[in-house]
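Chemist: Sending over a structure as structure tokens; questions will come in a sec.
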Amino acid sequence: MNLLLLAMALAAPDCGKHFAAGMDAYQRKNPAEALIALRAAIQCDPKMVQAHLVIANLHAERGNGAEALGALLEVLRIEPNNVLALRAGSNLYLRNGLHTKALPLLETLVVAAPDSVDAHADLAGVYAAGGKREAAEKGFRRALELQPDYFPALAGLGNLLARAGDNDAAMPLLRRAVQVLPAAYEGHFLLGSALNRLGQFDEARAELELASTSSGQNEPQVFYQLARAFGGLSMAPERKAALAKFSALTKQEKDNIELQRKAAAWIDEARLLLQAGDLETAAARLELAREAKPNDPTLLFRLAGLNFDLQRIDVAREYVQAAISISPATWLYHYLLGLVEQNANRLTDARASLEVAAKLQPTEAPVFNALGQVLLAQGERAEAVAAFETAVKLAPADPAFRQNLESAKPRR
Amino acid sequence: MSSASPPAPFWDATATSKIDFVSAASKTSAKYLIEAMGGGVAMMDADGDGRLDLFFVNGAALKAGMTATDRADKSDPTFWNRLYRNQGDGTFKDITETAGLRGSGYGQGVAVGDCDNDGRADLFVTALGGNTLYRNKGGAVFEDVTAQAGVTGDGWSTSAGFIDYDRDGNLDLFVARYLNWDYGKNKPCGEPQAYCHPNEFAPVTHLLYRGLGGCRFVDVSAKAGITKSPGKGLGVAFQDVDHDGWPDIFVANDSFPQQLFRNQRDGTFEEIALAMGAAYDEDGNVFAGMGIDVADYDNDGVPDLFVNALANQGYALFRNSKGLLQHVSAASGVAAASKLHSGWGTKFFDFDNDGWKDVFVAQGHVMDNIEITQPGLRYRETPLLLRNDGGKFADVSAKAGLPFQGEMAGRGAAFGDLNNDGAVDVVVSANNAAPRVFRNGAAENGWLLIDTVGTKSNRDGIGATVRIQTASGREQFGFVSTAGSYLSAHDKRVHFGLGREREVKLLEIRWPSGIVQTWKNVPANQIFVAREAAE
């Protein structure tokens, strides 16, 4: 991918060793190893923009938007005009509907990359959503100057002008958008909506039927517009059917939102149950929440921890591994997996997980203490002592670590 | 065709009116949602002297950490509701204490109607946790008859209105309710704490009380089918949308589909907003419906619907055509004029008496820190005046007079002719601030103010439809109601602007009793008392 090739090319020679190792692990699809190496590269050279970019990419690929954004913002702190970070960051914000946050990135991006057609169109879209009609129009027009058949700009400008009542200018743009990308439902939908507004219900119906039978088949708004067209054509049964479909799709969307809301409530309830010591019921509540949020690493981690406390070792392993697959750079998850494996007496796996945790978070004494225990159980006394020594160094006041260290030292 | 008269000058008569009311929201660090809602205002003739008096609904003392059963304390005079008597010289006098209208609980809305048909305006005040009905004993003295009347209700009531839905001559009462919320259900929303979005709370059912006469009511919400359709109601308006002679009920819902309860003429209602096209905006999205009005803005004989919304949504104008309510905000100019505004109290009214109903909107964002989170928006906004030019609307606020330059966190708005000069005045309540009185001097064009007096129908004539025809052949249509806007109640008299015409050739009133009465050649520029014929 372009981003990675560019990043490799730009790697600083001094710290390139870590970066190259990170890229190698990344290409071998070993995200945890890649992150450790890339973090080492950043430790070596905190301003190594390319390492931050690859980390952002790693997180984004796993749907971990918040961490990806964190890495991109770090790039922008170092290089405020970094085009890759501006583009990727604004995309992440836009995908989550955070237009206000995307705005400054896009405004910088169009200056840094004035010939970037998508940047102009995205910025115009943000302006349009915020009611800044003139600025939006200017942005869309600039995008069309750069690429006359750029679909998002044709559709965006056409929609903007149609909503403002400038139908003479809007309709050719919307018709062109449909020609440029006939498979995209958005073009048919916007054209159909504009035709509805003009009272041209026959043609609107045709466009909206195309939208409703293509990729717009699950979009409630398509069926709402279709119902409007049927209403204009006095086709009562068809209108009723389109509204029924609209209602069903809207309900589906609403149910999903409601499920997320319930999940949040279940998590809150589980927290209270945990405080009261009722682990069984807390775990049951978190299970319910997981059905609504199957890819929430924090939730998976909590479930793993709870099941570990309940000595359901296999279940705990499954959850923490799922959490790690989504967020491989979180040391706590590796630490928990290490403890789980240690408990199951799978010492090799436990050691591997704890070593990853120690690399990701070299300042956590409990990680080194657990690692020492595993190494000792494996008969690696010297290494165990070294791990206990690190734990004691990090937390000198903890008597348990000190005691472990003393016990591990060879007797005279 | 519209006359070319310039927008009439409104002037700010707040100071000269001597109204010293200041709404007290009692804002807390808990950011209880109710703090953001403001209170209603009513224009009503409380003492029967022919002049409109003013009633303001107020908040109550809140504190962080309140529980579900807590009732906000209204004992401090800062939090009293207030009644001001119109002294006829442009000034008003506070007569709250003698009127017995201090109120209780955290007040919200007000409805006005003569529930015992004795010719005096009675008052219904909504609040969080329980509502109050005040019977007017005469001379602007009121008694609390809530318990006997059976209209306490519970939960969070907002706008309410009197209606005679069964046309039996006794006023009925509809009460919109907002959310399944109380102080104990307040939750963390944002960092720092902000007012929660209504999506955080479940919808609730509205209330319908059937009037039995003598200001006694029975709750028929379930029997009438109202409870089948919960909502998040903030505004209420009534009109006969399908022209069948039976009044229908519109509810503006916040971030929830708008509702239209069609009167099925048998004591029950069916919610048909989606089927009629009025539940969503033109894209099929829900919007934050707050203020509402229903009137025939394009003079085609059927009532249209206006619902305002939150900034970035645009206000919704639905034109009644071919039996459907078509969203025409873009084509009518309403969308462009309202895109960045947040609307509350509102009404179709002919401010310049040119024969076309214009639109006023009291504005202001709900979030008092909106300038920080969305720098392009404002918490306090200037009001919006949209002039109707043959069915298209233009924003004429900038030319409408000084009061339109002043920003406020506008909430309730009541409309009526305070000095009986034929020009409709506006009083706007503000959240946690003083209200404003917008006096209108546009009496150059002709006008007619129709005061309906029912005999067989309810005494106010509420629910009567009014049609006028002038010599030019132009027709206009009105509907007798004090409901609409946001939390507020209007002058019950029906106002028509007549442009240059000096007489109404035909005045027709269809009373709720079914009686149809006509008058011919009614001169302009008068308050015409239309008394219902015996049969």
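In the structure tokens, chains take letters A, B, ... by order of appearance, with residues numbered from 1 within each chain and ligands from 1 in the order shown.
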Counting only C-alpha atoms, give me one row per residue of chain B with an atom at most 9 Å from an atom of chain A, showing the shortest contact pair and its distance in Å to one decimal, sorted by chain then residue number, as JSON lines.

Modeler:
{"residue": "B:Glu200", "atom": "CA", "partner": "A:Arg261", "partner_atom": "CA", "distance": 8.3}
{"residue": "B:Leu274", "atom": "CA", "partner": "A:Leu243", "partner_atom": "CA", "distance": 7.7}
{"residue": "B:Ala275", "atom": "CA", "partner": "A:Lys240", "partner_atom": "CA", "distance": 7.3}
{"residue": "B:Gly277", "atom": "CA", "partner": "A:Arg228", "partner_atom": "CA", "distance": 7.8}
{"residue": "B:Glu282", "atom": "CA", "partner": "A:Gln225", "partner_atom": "CA", "distance": 7.8}
{"residue": "B:Asp283", "atom": "CA", "partner": "A:Gln221", "partner_atom": "CA", "distance": 5.9}
{"residue": "B:Gly284", "atom": "CA", "partner": "A:Gln221", "partner_atom": "CA", "distance": 5.3}
{"residue": "B:Asn285", "atom": "CA", "partner": "A:Gln221", "partner_atom": "CA", "distance": 7.6}
{"residue": "B:Asn312", "atom": "CA", "partner": "A:Gly130", "partner_atom": "CA", "distance": 6.5}
{"residue": "B:Lys322", "atom": "CA", "partner": "A:Gly232", "partner_atom": "CA", "distance": 8.2}
{"residue": "B:Leu324", "atom": "CA", "partner": "A:Gly231", "partner_atom": "CA", "distance": 7.7}
{"residue": "B:Gln326", "atom": "CA", "partner": "A:Arg228", "partner_atom": "CA", "distance": 8.3}
{"residue": "B:His327", "atom": "CA", "partner": "A:Arg197", "partner_atom": "CA", "distance": 8.6}
{"residue": "B:Val328", "atom": "CA", "partner": "A:Arg197", "partner_atom": "CA", "distance": 7.7}
{"residue": "B:Ala330", "atom": "CA", "partner": "A:Arg163", "partner_atom": "CA", "distance": 5.9}
{"residue": "B:Ala331", "atom": "CA", "partner": "A:Gly165", "partner_atom": "CA", "distance": 6.1}
{"residue": "B:Gly333", "atom": "CA", "partner": "A:Ala164", "partner_atom": "CA", "distance": 8.4}
{"residue": "B:Ala335", "atom": "CA", "partner": "A:Ala164", "partner_atom": "CA", "distance": 8.2}
{"residue": "B:Ala336", "atom": "CA", "partner": "A:Ala164", "partner_atom": "CA", "distance": 6.9}
{"residue": "B:Lys339", "atom": "CA", "partner": "A:Gly131", "partner_atom": "CA", "distance": 6.4}
{"residue": "B:Leu340", "atom": "CA", "partner": "A:Gly131", "partner_atom": "CA", "distance": 6.6}
{"residue": "B:Thr373", "atom": "CA", "partner": "A:Thr100", "partner_atom": "CA", "distance": 8.8}
{"residue": "B:Gln374", "atom": "CA", "partner": "A:Thr100", "partner_atom": "CA", "distance": 7.6}
{"residue": "B:Gly376", "atom": "CA", "partner": "A:Gly130", "partner_atom": "CA", "distance": 8.4}

Chemist: Got a sec: who's within 9 Å of Ala344 in chain A, counting only C-alpha atoms, leaving out chain neighbours fewer than 5 positions off, as a PDB file with N, CA and C atoms, in the first residue's frame?

Modeler:
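Output file selection.pdb follows:
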ATOM      1  N   ILE A 313     -11.433 -20.593  32.883  1.00  0.00           N
ATOM      2  CA  ILE A 313     -10.189 -20.234  32.208  1.00  0.00           C
ATOM      3  C   ILE A 313     -10.333 -20.235  30.683  1.00  0.00           C
ATOM      4  N   ASP A 314     -10.993 -21.231  30.145  1.00  0.00           N
ATOM      5  CA  ASP A 314     -11.137 -21.289  28.676  1.00  0.00           C
ATOM      6  C   ASP A 314     -11.934 -20.104  28.138  1.00  0.00           C
ATOM      7  N   LEU A 339      -1.607 -14.182  32.496  1.00  0.00           N
ATOM      8  CA  LEU A 339      -2.097 -14.724  33.770  1.00  0.00           C
ATOM      9  C   LEU A 339      -3.021 -15.923  33.536  1.00  0.00           C
ATOM     10  N   ALA A 350       2.101 -18.487  28.341  1.00  0.00           N
ATOM     11  CA  ALA A 350       2.067 -17.441  29.371  1.00  0.00           C
ATOM     12  C   ALA A 350       3.298 -16.551  29.245  1.00  0.00           C
TER      13      ALA A 350
END

Chemist: When DSSP works through the backbone of this structure, what residues of range 61-207 of chain A end up as alpha helix (DSSP H), shown as a CSV table (one decimal) with C-alpha atoms, in the first residue's frame?

Modeler:
chain,number,residue,atom,x,y,z
A,61,GLU,CA,-7.4,-1.8,9.9
A,65,GLY,CA,-10.5,4.4,15.3
A,66,ALA,CA,-9.7,6.2,18.6
A,67,GLU,CA,-6.1,4.8,18.7
A,68,ALA,CA,-5.6,5.4,15.0
A,69,LEU,CA,-6.7,9.0,15.4
A,70,GLY,CA,-4.3,9.4,18.4
A,71,ALA,CA,-1.4,8.3,16.2
A,72,LEU,CA,-2.5,10.6,13.4
A,73,LEU,CA,-2.8,13.6,15.7
A,74,GLU,CA,0.7,12.8,16.9
A,75,VAL,CA,1.9,13.1,13.3
A,76,LEU,CA,0.1,16.4,12.9
A,77,ARG,CA,1.7,17.7,16.1
A,78,ILE,CA,5.1,16.9,14.5
A,83,VAL,CA,-1.1,15.3,3.9
A,84,LEU,CA,-1.4,11.6,4.7
A,85,ALA,CA,-2.3,12.3,8.3
A,86,LEU,CA,-4.7,15.1,7.4
A,87,ARG,CA,-6.5,13.0,4.8
A,88,ALA,CA,-6.7,9.8,7.0
A,89,GLY,CA,-7.6,11.9,10.1
A,90,SER,CA,-10.4,13.8,8.4
A,91,ASN,CA,-11.7,10.5,6.9
A,92,LEU,CA,-11.9,8.9,10.3
A,93,TYR,CA,-13.8,11.9,11.7
A,94,LEU,CA,-16.2,12.0,8.7
A,95,ARG,CA,-16.8,8.3,9.0
A,99,HIS,CA,-17.9,17.1,10.9
A,100,THR,CA,-16.7,19.9,13.3
A,101,LYS,CA,-13.6,18.0,14.1
A,102,ALA,CA,-12.9,17.1,10.5
A,103,LEU,CA,-13.2,20.7,9.4
A,104,PRO,CA,-9.8,22.1,10.5
A,105,LEU,CA,-8.0,19.1,9.1
A,106,LEU,CA,-9.7,19.5,5.7
A,107,GLU,CA,-9.1,23.3,5.7
A,108,THR,CA,-5.4,22.6,6.2
A,109,LEU,CA,-5.5,19.8,3.7
A,110,VAL,CA,-6.8,21.8,0.8
A,111,VAL,CA,-4.0,24.3,1.4
A,112,ALA,CA,-1.3,21.6,1.7
A,117,VAL,CA,-10.0,16.7,-5.6
A,118,ASP,CA,-11.3,14.6,-2.7
A,119,ALA,CA,-10.1,17.1,-0.1
A,120,HIS,CA,-12.1,19.9,-1.8
A,121,ALA,CA,-15.2,17.7,-2.1
A,122,ASP,CA,-15.0,16.5,1.5
A,123,LEU,CA,-14.5,20.0,2.8
A,124,ALA,CA,-17.4,21.2,0.7
A,125,GLY,CA,-19.5,18.4,2.1
A,126,VAL,CA,-18.7,19.5,5.7
A,127,TYR,CA,-19.5,23.2,4.8
A,128,ALA,CA,-22.8,22.0,3.3
A,129,ALA,CA,-23.7,20.0,6.4
A,133,ARG,CA,-23.8,27.2,1.4
A,134,GLU,CA,-21.5,29.6,-0.4
A,135,ALA,CA,-18.3,28.0,0.9
A,136,ALA,CA,-19.7,24.5,0.1
A,137,GLU,CA,-20.6,25.6,-3.5
A,138,LYS,CA,-17.1,27.0,-4.0
A,139,GLY,CA,-15.5,23.8,-2.7
A,140,PHE,CA,-17.6,21.5,-4.9
A,141,ARG,CA,-16.9,23.8,-8.0
A,142,ARG,CA,-13.1,23.6,-7.3
A,143,ALA,CA,-13.3,19.8,-7.1
A,144,LEU,CA,-15.1,19.8,-10.5
A,145,GLU,CA,-12.5,22.1,-12.0
A,146,LEU,CA,-9.9,19.5,-11.0
A,151,PHE,CA,-19.1,11.8,-8.6
A,152,PRO,CA,-19.1,13.1,-5.0
A,153,ALA,CA,-18.7,16.7,-6.2
A,154,LEU,CA,-21.3,16.3,-8.9
A,155,ALA,CA,-23.8,14.8,-6.5
A,156,GLY,CA,-22.9,17.1,-3.6
A,157,LEU,CA,-23.1,20.3,-5.7
A,158,GLY,CA,-26.3,19.1,-7.4
A,159,ASN,CA,-27.9,18.4,-4.1
A,160,LEU,CA,-26.8,21.7,-2.6
A,161,LEU,CA,-28.2,23.7,-5.5
A,162,ALA,CA,-31.4,21.7,-5.7
A,163,ARG,CA,-32.1,22.3,-2.0
A,167,ASN,CA,-33.0,23.7,-10.2
A,168,ASP,CA,-31.7,24.9,-13.5
A,169,ALA,CA,-28.1,24.5,-12.3
A,170,ALA,CA,-28.8,21.5,-10.1
A,171,MET,CA,-30.5,19.1,-12.5
A,172,PRO,CA,-27.7,18.7,-15.1
A,173,LEU,CA,-25.2,18.0,-12.3
A,174,LEU,CA,-27.4,15.3,-10.7
A,175,ARG,CA,-28.1,13.7,-14.1
A,176,ARG,CA,-24.4,13.7,-14.9
A,177,ALA,CA,-23.7,12.1,-11.5
A,178,VAL,CA,-26.0,9.3,-12.4
A,179,GLN,CA,-24.3,8.8,-15.7
A,180,VAL,CA,-20.9,8.8,-14.2
A,185,TYR,CA,-27.7,4.5,-5.3
A,186,GLU,CA,-26.8,7.9,-4.0
A,187,GLY,CA,-27.0,9.5,-7.4
A,188,HIS,CA,-30.4,8.1,-8.2
A,189,PHE,CA,-31.6,8.9,-4.7
A,190,LEU,CA,-30.5,12.6,-4.9
A,191,LEU,CA,-31.9,13.0,-8.5
A,192,GLY,CA,-35.2,11.4,-7.4
A,193,SER,CA,-35.4,13.6,-4.4
A,194,ALA,CA,-34.8,16.7,-6.5
A,195,LEU,CA,-37.4,15.6,-9.0
A,196,ASN,CA,-39.9,15.0,-6.1
A,197,ARG,CA,-39.3,18.6,-5.0
A,198,LEU,CA,-40.0,19.8,-8.6
A,201,PHE,CA,-43.1,12.4,-9.9
A,202,ASP,CA,-43.0,10.0,-12.8
A,203,GLU,CA,-39.3,10.5,-13.4
A,204,ALA,CA,-38.6,10.6,-9.6
A,205,ARG,CA,-40.3,7.3,-9.2
A,206,ALA,CA,-38.1,5.7,-11.9
A,207,GLU,CA,-34.9,7.0,-10.3

Chemist: Name the residues in contact with Asp45 in chain A at a cut-off of 10 Å, using only C-alpha atoms, excluding same-chain residues fewer than 3 positions from it; report them as a list in words.

Modeler: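 Result of the neighbour search: Ala12, Asp14, Cys15, Gly16, Arg39, Ala40, Ala41, Ile42, Met48, Val49 and Ala51 of chain A.
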
Chemist: Which neighbours of range 432-440 of chain B fall inside 9 Å, counting only C-alpha atoms, when residues of the same chain fewer than 4 positions from it are skipped, and could you give them as a compact mmCIF listing (two decimals) with N, CA, C and O atoms, in the first residue's frame?

Modeler:
# COMPACT_ATOMS: atom_id res chain seq x y z
N ALA B 8 -44.15 46.10 8.54
CA ALA B 8 -44.57 47.08 9.53
C ALA B 8 -43.55 47.18 10.63
O ALA B 8 -42.90 46.20 10.96
N PRO B 9 -43.43 48.34 11.20
CA PRO B 9 -42.46 48.47 12.28
C PRO B 9 -43.01 47.91 13.59
O PRO B 9 -44.03 48.36 14.09
N PHE B 10 -42.32 46.92 14.11
CA PHE B 10 -42.61 46.48 15.47
C PHE B 10 -41.75 47.35 16.38
O PHE B 10 -40.66 47.74 16.01
N TRP B 11 -42.23 47.64 17.55
CA TRP B 11 -41.35 48.29 18.51
C TRP B 11 -41.38 47.53 19.83
O TRP B 11 -42.34 46.84 20.13
N ASP B 12 -40.29 47.68 20.57
CA ASP B 12 -40.15 46.95 21.81
C ASP B 12 -40.87 47.71 22.92
O ASP B 12 -40.44 48.78 23.34
N ALA B 13 -41.98 47.15 23.34
CA ALA B 13 -42.80 47.83 24.36
C ALA B 13 -42.60 47.20 25.74
O ALA B 13 -43.41 47.41 26.64
N THR B 14 -41.52 46.45 25.90
CA THR B 14 -41.32 45.75 27.18
C THR B 14 -41.21 46.74 28.33
O THR B 14 -41.90 46.60 29.35
N ALA B 15 -40.36 47.75 28.16
CA ALA B 15 -40.14 48.70 29.26
C ALA B 15 -41.39 49.53 29.52
O ALA B 15 -41.82 49.67 30.67
N SER B 17 -44.37 48.84 28.97
CA SER B 17 -45.52 48.05 29.44
C SER B 17 -45.46 47.81 30.95
O SER B 17 -46.44 47.40 31.55
N ILE B 19 -43.94 45.55 32.51
CA ILE B 19 -43.93 44.14 32.89
C ILE B 19 -42.55 43.83 33.46
O ILE B 19 -41.54 43.96 32.75
N ASP B 20 -42.50 43.47 34.74
CA ASP B 20 -41.21 43.27 35.39
C ASP B 20 -40.91 41.78 35.61
O ASP B 20 -40.02 41.43 36.38
N PHE B 21 -41.65 40.94 34.95
CA PHE B 21 -41.43 39.49 35.11
C PHE B 21 -40.05 39.09 34.56
O PHE B 21 -39.64 39.57 33.51
N VAL B 22 -39.37 38.22 35.30
CA VAL B 22 -38.13 37.60 34.81
C VAL B 22 -38.25 36.11 35.06
O VAL B 22 -38.44 35.69 36.21
N SER B 23 -38.17 35.34 34.02
CA SER B 23 -38.29 33.89 34.22
C SER B 23 -37.07 33.37 34.98
O SER B 23 -35.94 33.81 34.75
N ALA B 24 -37.33 32.45 35.90
CA ALA B 24 -36.25 31.91 36.73
C ALA B 24 -36.12 30.42 36.47
O ALA B 24 -36.97 29.63 36.88
N ALA B 25 -35.08 30.06 35.76
CA ALA B 25 -34.89 28.64 35.39
C ALA B 25 -34.22 27.87 36.51
O ALA B 25 -34.27 26.65 36.54
N SER B 26 -33.58 28.57 37.44
CA SER B 26 -32.86 27.93 38.55
C SER B 26 -31.83 26.94 38.03
O SER B 26 -31.86 25.76 38.34
N LYS B 27 -30.91 27.46 37.24
CA LYS B 27 -29.92 26.57 36.63
C LYS B 27 -28.98 25.98 37.68
O LYS B 27 -28.54 26.68 38.58
N GLU B 35 -34.34 22.74 32.91
CA GLU B 35 -33.81 24.11 33.03
C GLU B 35 -33.71 24.81 31.68
O GLU B 35 -33.70 26.03 31.60
N ALA B 36 -33.61 24.01 30.63
CA ALA B 36 -33.37 24.58 29.30
C ALA B 36 -34.66 24.92 28.56
O ALA B 36 -34.61 25.54 27.50
N GLY B 38 -37.59 26.68 29.35
CA GLY B 38 -38.33 27.93 29.43
C GLY B 38 -39.78 27.70 29.82
O GLY B 38 -40.18 26.58 30.16
N PHE B 56 -47.63 34.63 32.63
CA PHE B 56 -46.33 34.00 32.38
C PHE B 56 -46.14 32.80 33.32
O PHE B 56 -46.41 32.90 34.51
N GLY B 59 -40.44 28.88 36.48
CA GLY B 59 -39.79 27.68 36.99
C GLY B 59 -39.96 27.55 38.49
O GLY B 59 -40.94 28.03 39.07
N PHE B 351 -48.99 39.77 9.94
CA PHE B 351 -48.50 40.93 10.70
C PHE B 351 -48.73 42.25 9.98
O PHE B 351 -48.87 43.29 10.60
N ASP B 352 -48.77 42.20 8.62
CA ASP B 352 -48.92 43.46 7.88
C ASP B 352 -50.30 43.60 7.27
O ASP B 352 -50.54 44.47 6.43
N PRO B 403 -37.06 45.47 17.87
CA PRO B 403 -37.09 44.25 18.69
C PRO B 403 -36.48 43.05 17.98
O PRO B 403 -36.05 42.11 18.64
N PHE B 404 -36.45 43.10 16.67
CA PHE B 404 -35.87 41.97 15.92
C PHE B 404 -34.35 42.02 15.89
O PHE B 404 -33.71 41.15 15.33
N MET B 408 -32.15 36.93 22.25
CA MET B 408 -32.71 36.35 23.48
C MET B 408 -32.78 34.84 23.34
O MET B 408 -32.80 34.32 22.23
N ALA B 409 -32.83 34.16 24.50
CA ALA B 409 -33.07 32.71 24.48
C ALA B 409 -34.58 32.54 24.42
O ALA B 409 -35.22 32.18 25.41
N GLY B 410 -35.14 32.84 23.25
CA GLY B 410 -36.60 32.84 23.08
C GLY B 410 -37.18 31.46 23.31
O GLY B 410 -36.58 30.45 22.93
N ASP B 417 -54.01 40.78 19.76
CA ASP B 417 -54.07 42.24 19.59
C ASP B 417 -54.22 42.88 20.96
O ASP B 417 -55.33 43.01 21.49
N LEU B 418 -53.08 43.31 21.52
CA LEU B 418 -53.09 43.80 22.90
C LEU B 418 -53.86 45.10 23.06
O LEU B 418 -54.40 45.38 24.12
N ALA B 423 -53.79 45.20 14.66
CA ALA B 423 -52.46 44.66 14.33
C ALA B 423 -52.08 43.67 15.42
O ALA B 423 -52.19 43.98 16.60
N VAL B 424 -51.62 42.53 14.99
CA VAL B 424 -51.35 41.46 15.96
C VAL B 424 -49.99 41.69 16.63
O VAL B 424 -48.98 41.87 15.95
N ASP B 425 -50.01 41.70 17.95
CA ASP B 425 -48.80 41.88 18.74
C ASP B 425 -48.29 40.51 19.20
O ASP B 425 -49.01 39.51 19.13
N VAL B 426 -47.05 40.52 19.65
CA VAL B 426 -46.43 39.25 20.06
C VAL B 426 -45.74 39.45 21.41
O VAL B 426 -45.09 40.47 21.63
N VAL B 427 -45.89 38.49 22.28
CA VAL B 427 -45.13 38.50 23.54
C VAL B 427 -44.31 37.21 23.59
O VAL B 427 -44.86 36.12 23.40
N VAL B 428 -43.02 37.38 23.79
CA VAL B 428 -42.11 36.24 23.76
C VAL B 428 -41.48 36.05 25.14
O VAL B 428 -40.97 37.01 25.73

Chemist: Using only C-alpha atoms, find the one residue out of B:Gly130, B:Gly139, B:Gly441, B:Pro303 that sits nearest to Gly153 in chain B.

Modeler: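 Of B:Gly130, B:Gly139, B:Gly441, B:Pro303, the one nearest Gly153 in chain B, counting only C-alpha atoms, is B:Gly130.
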
Chemist: Any idea what's packed within 9 Å of range 93-104 of chain B, counting only C-alpha atoms, ignoring anything in its chain fewer than 3 positions away? Could you give it as an NGL selection string?

Modeler: :B and (17-21 or 55 or 57-58 or 60 or 71-75 or 77 or 79-87 or 107 or 125 or 127 or 130-132 or 134 or 136 or 139-144)

Chemist: What does the distance between CA of Leu288 in chain A and CA of Trp331 in chain A come to in Å, to one decimal place?

Modeler: 25.9 Å

Chemist: Can you work out which one of A:Glu406, A:Glu341, A:Asp349, A:Glu33 has the shortest atom-to-atom distance to Glu389 in chain A, counting only C-alpha atoms?

Modeler: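 Among A:Glu406, A:Glu341, A:Asp349, A:Glu33, it is A:Glu406 that comes nearest to Glu389 in chain A.
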
Chemist: Can you tell me how far CA of Thr346 in chain B sits from CA of Phe360 in chain B, in Å to one decimal?

Modeler: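 Separating CA of Thr346 in chain B from CA of Phe360 in chain B is a distance of 5.4 Å.
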
Chemist: Mind checking which residues fall within 9 Å of Asp240 in chain B, counting only C-alpha atoms, ignoring those fewer than 6 positions away in the same chain, and posting them as number ranges by chain?

Modeler: B: 246-249, 262-263, 302-303, 463, 465, 479

Chemist: Suppose you want the space between CA of Gln321 in chain A and CA of Ala391 in chain A; what is it in Å?

Modeler: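 A separation of 25.2 Å between them.
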